[in-house]
>>> print(open('model.txt').read())   # compact mmCIF, C-alpha atoms and all ligand atoms
# COMPACT_ATOMS: atom_id res chain seq x y z
CA MET A 1325 210.09 31.53 111.51
CA LYS A 1326 207.31 33.63 109.96
CA ASN A 1327 205.42 32.19 107.00
CA ASN A 1328 203.45 35.26 105.88
CA ILE A 1329 200.60 33.53 104.12
CA VAL A 1330 198.11 35.66 102.15
CA LEU A 1331 194.68 34.18 101.39
CA ALA A 1332 192.73 36.03 98.67
CA LEU A 1333 188.97 35.95 99.20
CA THR A 1334 186.21 36.81 96.72
CA LYS A 1335 184.02 39.58 98.15
CA GLY A 1336 180.24 39.05 98.39
CA ARG A 1337 178.55 35.70 98.84
CA ILE A 1338 181.76 33.66 98.61
CA LEU A 1339 183.37 35.80 101.33
CA ARG A 1340 180.34 35.37 103.62
CA GLU A 1341 180.41 31.59 103.13
CA SER A 1342 184.23 31.40 103.45
CA LEU A 1343 184.39 33.00 106.91
CA PRO A 1344 182.75 30.09 108.79
CA LEU A 1345 185.08 27.64 106.98
CA LEU A 1346 188.08 29.72 108.03
CA ALA A 1347 186.78 30.02 111.60
CA ASP A 1348 186.47 26.22 111.78
CA ALA A 1349 190.11 26.03 110.61
CA GLY A 1350 191.06 28.45 113.43
CA VAL A 1351 191.46 31.63 111.36
CA GLU A 1352 189.37 34.76 112.09
CA PRO A 1353 189.74 38.36 110.84
CA ALA A 1354 191.25 40.64 113.51
CA GLU A 1355 188.38 43.10 112.93
CA PRO A 1356 184.83 42.66 111.60
CA ILE A 1357 185.01 42.56 107.79
CA ASP A 1358 181.69 44.40 107.37
CA ALA A 1359 182.92 47.34 109.47
CA THR A 1360 186.17 48.02 107.63
CA ARG A 1361 187.24 49.37 104.28
CA LYS A 1362 190.64 47.71 104.55
CA LEU A 1363 191.42 45.37 101.67
CA LEU A 1364 194.25 43.53 103.45
CA LEU A 1365 193.24 42.28 106.88
CA ALA A 1366 195.22 40.82 109.74
CA THR A 1367 193.83 37.70 111.41
CA ASN A 1368 194.09 36.11 114.86
CA HIS A 1369 196.94 34.10 113.33
CA GLU A 1370 200.08 36.22 113.03
CA ASP A 1371 201.22 34.35 109.88
CA ILE A 1372 197.97 34.72 107.91
CA LYS A 1373 196.48 37.79 106.19
CA LEU A 1374 193.28 38.03 104.14
CA ALA A 1375 193.02 40.04 100.89
CA ILE A 1376 189.46 40.98 99.87
CA LEU A 1377 189.15 41.11 96.05
CA ARG A 1378 186.78 40.93 93.13
CA GLY A 1379 186.46 37.32 91.97
CA ALA A 1380 188.00 37.93 88.56
CA ASP A 1381 191.17 39.27 90.25
CA VAL A 1382 191.68 36.37 92.69
CA PRO A 1383 193.36 33.98 90.17
CA THR A 1384 195.74 36.78 89.08
CA TYR A 1385 196.90 37.51 92.66
CA VAL A 1386 197.45 33.79 93.28
CA LYS A 1387 199.10 33.10 89.92
CA TYR A 1388 201.74 35.81 90.44
CA GLY A 1389 202.30 34.83 94.08
CA ALA A 1390 200.99 38.10 95.57
CA ALA A 1391 198.62 35.76 97.39
CA ASP A 1392 199.54 32.18 98.29
CA LEU A 1393 195.97 30.88 98.32
CA GLY A 1394 192.61 31.99 96.99
CA ILE A 1395 188.94 31.11 97.25
CA VAL A 1396 187.08 31.73 93.99
CA GLY A 1397 184.09 30.45 92.02
CA LYS A 1398 184.64 27.69 89.44
CA ASP A 1399 182.86 30.02 86.97
CA VAL A 1400 185.72 32.52 87.30
CA LEU A 1401 188.38 29.82 86.84
CA LEU A 1402 186.64 28.54 83.69
CA GLU A 1403 186.01 31.99 82.24
CA TYR A 1404 189.42 33.57 82.91
CA GLY A 1405 191.55 30.41 82.90
CA SER A 1406 193.36 28.59 85.69
CA GLU A 1407 196.74 28.19 84.03
CA GLY A 1408 199.62 28.17 86.50
CA LEU A 1409 197.30 27.55 89.45
CA TYR A 1410 196.82 24.42 91.52
CA GLU A 1411 193.14 23.75 92.30
CA ALA A 1412 193.49 22.11 95.72
CA ALA A 1413 189.88 21.52 96.73
CA ASP A 1414 186.21 21.96 95.98
CA LEU A 1415 185.06 23.76 99.15
CA GLY A 1416 181.39 23.06 98.44
CA ILE A 1417 180.33 26.65 99.23
CA ALA A 1418 178.48 29.31 97.18
CA CYS A 1419 176.94 26.50 95.14
CA CYS A 1420 174.80 27.51 92.17
CA ARG A 1421 174.33 26.67 88.49
CA LEU A 1422 175.45 28.45 85.36
CA MET A 1423 172.34 28.48 83.18
CA THR A 1424 170.72 29.85 80.10
CA ALA A 1425 167.49 31.72 80.83
CA GLY A 1426 164.98 33.92 79.09
CA ILE A 1427 161.35 34.92 78.59
CA PRO A 1428 159.02 31.87 78.33
CA ASN A 1429 157.92 31.00 74.76
CA ARG A 1430 159.89 33.90 73.30
CA VAL A 1431 162.97 32.12 71.92
CA SER A 1432 162.83 30.81 68.37
CA ASN A 1433 165.08 28.05 67.07
CA VAL A 1434 165.87 29.77 63.80
CA GLY A 1435 168.50 32.38 63.09
CA THR A 1436 171.29 33.74 65.24
CA LEU A 1437 170.62 33.85 68.98
CA ARG A 1438 171.61 37.01 70.85
CA VAL A 1439 173.08 35.96 74.21
CA ALA A 1440 173.80 38.49 76.98
CA THR A 1441 176.43 37.42 79.51
CA LYS A 1442 179.56 38.30 81.38
CA PHE A 1443 180.80 34.72 80.78
CA VAL A 1444 181.85 35.25 77.17
CA ASN A 1445 184.30 32.34 76.85
CA ILE A 1446 182.13 29.72 78.56
CA THR A 1447 179.12 30.85 76.52
CA ARG A 1448 180.99 30.72 73.22
CA GLU A 1449 182.24 27.20 74.00
CA TYR A 1450 178.82 25.96 75.16
CA PHE A 1451 176.89 27.12 72.08
CA GLY A 1452 179.82 26.20 69.79
CA LYS A 1453 179.60 22.57 70.98
CA LYS A 1454 175.86 22.60 70.23
CA GLY A 1455 176.57 23.98 66.75
CA LYS A 1456 174.33 26.99 67.49
CA GLN A 1457 175.12 30.36 65.89
CA ILE A 1458 175.15 33.19 68.46
CA ASP A 1459 175.98 36.88 68.85
CA ILE A 1460 177.33 37.65 72.31
CA VAL A 1461 176.26 40.85 74.07
CA LYS A 1462 178.88 41.43 76.78
CA LEU A 1463 177.42 42.90 79.98
CA TYR A 1464 178.87 43.40 83.46
CA GLY A 1465 175.74 43.02 85.62
CA ALA A 1466 171.92 43.06 85.84
CA LEU A 1467 171.81 40.49 83.04
CA GLU A 1468 168.13 39.75 83.73
CA LEU A 1469 167.23 43.12 82.24
CA ALA A 1470 168.61 42.33 78.78
CA PRO A 1471 165.74 40.09 77.50
CA LEU A 1472 163.15 42.48 78.98
CA MET A 1473 164.64 45.41 77.06
CA ASP A 1474 165.05 43.30 73.90
CA LEU A 1475 168.82 43.62 74.08
CA ALA A 1476 169.17 39.82 73.99
CA ASP A 1477 167.10 36.65 73.38
CA VAL A 1478 168.63 34.74 76.29
CA ILE A 1479 171.11 35.29 79.12
CA VAL A 1480 173.83 33.07 80.57
CA ASP A 1481 174.10 33.72 84.30
CA LEU A 1482 174.54 32.14 87.73
CA VAL A 1483 171.29 30.91 89.23
CA ASP A 1484 170.84 29.87 92.85
CA THR A 1485 167.25 29.99 94.13
CA GLY A 1486 165.87 31.30 90.82
CA ASP A 1487 164.25 34.23 92.67
CA THR A 1488 166.03 36.88 90.59
CA LEU A 1489 164.89 35.23 87.34
CA ARG A 1490 161.28 34.90 88.60
CA ALA A 1491 161.17 38.48 89.87
CA ASN A 1492 162.01 39.63 86.33
CA GLY A 1493 159.61 37.33 84.47
CA LEU A 1494 162.35 34.97 83.23
CA ILE A 1495 162.64 31.19 83.47
CA PRO A 1496 165.71 28.94 83.48
CA PHE A 1497 166.23 26.95 80.24
CA GLU A 1498 169.36 24.77 80.31
CA GLU A 1499 172.04 24.08 82.89
CA ILE A 1500 175.52 24.66 81.49
CA LEU A 1501 177.56 23.75 84.59
CA PRO A 1502 177.18 23.24 88.34
CA ILE A 1503 179.35 25.83 90.15
CA SER A 1504 180.98 25.93 93.60
CA SER A 1505 183.95 27.71 95.16
CA ARG A 1506 187.44 26.27 94.84
CA LEU A 1507 190.60 26.63 96.93
CA ILE A 1508 193.42 27.61 94.57
CA VAL A 1509 197.11 27.66 95.44
CA ASN A 1510 200.23 29.27 94.00
CA LYS A 1511 202.51 26.44 92.85
CA ALA A 1512 205.75 28.02 94.16
CA SER A 1513 204.12 28.69 97.53
CA ILE A 1514 203.36 24.99 97.94
CA ARG A 1515 207.04 24.16 97.43
CA GLN A 1516 208.45 26.98 99.57
CA LYS A 1517 205.97 27.01 102.44
CA THR A 1518 205.05 23.32 102.57
CA PRO A 1519 205.26 22.66 106.35
CA PHE A 1520 202.85 25.47 107.11
CA LEU A 1521 200.69 25.59 103.99
CA LEU A 1522 199.82 21.91 103.54
CA PRO A 1523 198.21 21.44 106.98
CA PHE A 1524 196.26 24.69 106.45
CA ILE A 1525 195.06 23.55 103.00
CA ASP A 1526 194.13 20.17 104.50
CA SER A 1527 192.15 21.74 107.31
CA LEU A 1528 190.17 23.91 104.86
CA ALA A 1529 189.64 21.12 102.34
CA LYS A 1530 188.51 18.57 104.93
CA LEU A 1531 185.84 20.80 106.34
CA ASN A 1532 183.46 20.74 103.42
P1 LIG A 1601 169.12 33.71 92.86
O1 LIG A 1601 168.10 34.82 92.79
O2 LIG A 1601 169.21 33.10 94.25
O3 LIG A 1601 168.90 32.67 91.78
O4 LIG A 1601 170.55 34.36 92.60
C1 LIG A 1601 170.84 34.90 91.34
C2 LIG A 1601 171.67 36.14 91.44
O5 LIG A 1601 172.74 35.96 92.35
C3 LIG A 1601 172.28 36.45 90.09
O6 LIG A 1601 172.43 37.85 89.97
C4 LIG A 1601 173.62 35.76 90.17
O7 LIG A 1601 174.59 36.38 89.34
C5 LIG A 1601 173.96 35.84 91.66
N1 LIG A 1601 174.57 34.61 92.17
C6 LIG A 1601 173.94 33.46 92.47
N2 LIG A 1601 174.81 32.56 92.95
C7 LIG A 1601 176.02 33.15 92.96
C8 LIG A 1601 177.32 32.73 93.36
N3 LIG A 1601 177.57 31.51 93.83
N4 LIG A 1601 178.33 33.60 93.21
C9 LIG A 1601 178.10 34.83 92.73
N5 LIG A 1601 176.90 35.29 92.34
C10 LIG A 1601 175.86 34.47 92.47
>>> encode(input="model.txt", output="structure tokens", more="lines below")
Ligand code: AMP
Amino acid sequence: MKNNIVLALTKGRILRESLPLLADAGVEPAEPIDATRKLLLATNHEDIKLAILRGADVPTYVKYGAADLGIVGKDVLLEYGSEGLYEAADLGIACCRLMTAGIPNRVSNVGTLRVATKFVNITREYFGKKGKQIDIVKLYGALELAPLMDLADVIVDLVDTGDTLRANGLIPFEEILPISSRLIVNKASIRQKTPFLLPFIDSLAKLN
């Protein structure tokens, strides 16, 4: 019997760090991912396909069952919600920190802080808990530019080595959350495809 499992992967760093995990679990793309524009890829395993998506779309594909499984950053799950999804494992890959950052000695404690971020919900909750008044400037990328161009006082962004901050004259201020990639699963898939899916989930989860 065919199981037809679809695993949704987040393109970019998470994809690069997911491939060795999958290889260790015996699953490899049928063609090199870097050399193809295909978004749905066959694998060496006839029952498993890989969908290559933007992170923010991975929970949606898994929630509606278009994909059975997904690998996505915890930042995405917190920002866009993980309702209806089962978070099966912390895969311990693409680790980084969600932080506030800005220009040294430039931020004052008085008045409303302008915060540039793509993580609007997490940012609102974080500063709300601190009782700090903020205006959010929603951006989609290159957040480090915002303080330099006086569009914002601080940014909220993912930081790994800190090189991007340093290269733009910014320093990290406060850590909001440690972030890593999670294996998420469609709840109906677990029930319907248990004999095949559970061992596969186990093999991915055990490898970290
Ligand atoms: P770094 O210069 O190593 O601190 O990396 C920072 C840049 O990489 C920022 O543009 C971040 O948005 C991005 N980044 C860092 N870690 C991750 C991650 N785990 N997932 C996605 N983007 C990341």
>>> closest_residue(input="model.txt", among="A:Pro1523, A:Gly1394, A:Pro1502, A:Gly1350", to="ligand LIG 1601 (chain A)", atoms="only C-alpha atoms and all ligand atoms")
A:Pro1502
>>> residues_around(input="model.txt", residues="stretch 1366-1383 of chain A", least_positions_apart="4", cutoff="8 Å", atoms="all atoms listed in the file", output="list in words")
Lys1326, Asn1327, Asn1328, Ile1329, Val1330, Leu1331, Ala1332, Leu1333, Thr1334, Lys1335, Val1351, Glu1352, Pro1353, Ala1354, Glu1355, Lys1387, Ala1391, Gly1394, Ile1395, Val1396, Gly1397, Val1400, Leu1401, Tyr1404, Ser1406, Leu1409 and Ile1508 of chain A
>>> atom_distance(input="model.txt", atom1="atom CA of A:Pro1428", atom2="atom CA of A:Gly1493")
8.2 Å
>>> residues_around(input="model.txt", residues="A:Ala1476", least_positions_apart="5", cutoff="8 Å", atoms="only C-alpha atoms", output="ChimeraX atom specification")
/A:1437-1440,1461,1470-1471
>>> residues_around(input="model.txt", residues="stretch 1419-1426 of chain A", least_positions_apart="2", cutoff="8 Å", atoms="all atoms listed in the file", output="PyMOL selection string")
chain A and resi 1399+1416-1417+1428+1430-1431+1471+1477-1484+1489+1494-1505
>>> atom_distance(input="model.txt", atom1="atom CA of A:Val1386", atom2="atom CA of A:Gly1405")
12.4 Å
>>> closest_residue(input="model.txt", among="A:Ala1349, A:Asp1392, A:Asp1474, A:Lys1454", to="A:Thr1518", atoms="all atoms listed in the file")
A:Asp1392
>>> atom_distance(input="model.txt", atom1="atom CA of A:Asp1414", atom2="atom CA of A:Ala1529")
7.3 Å
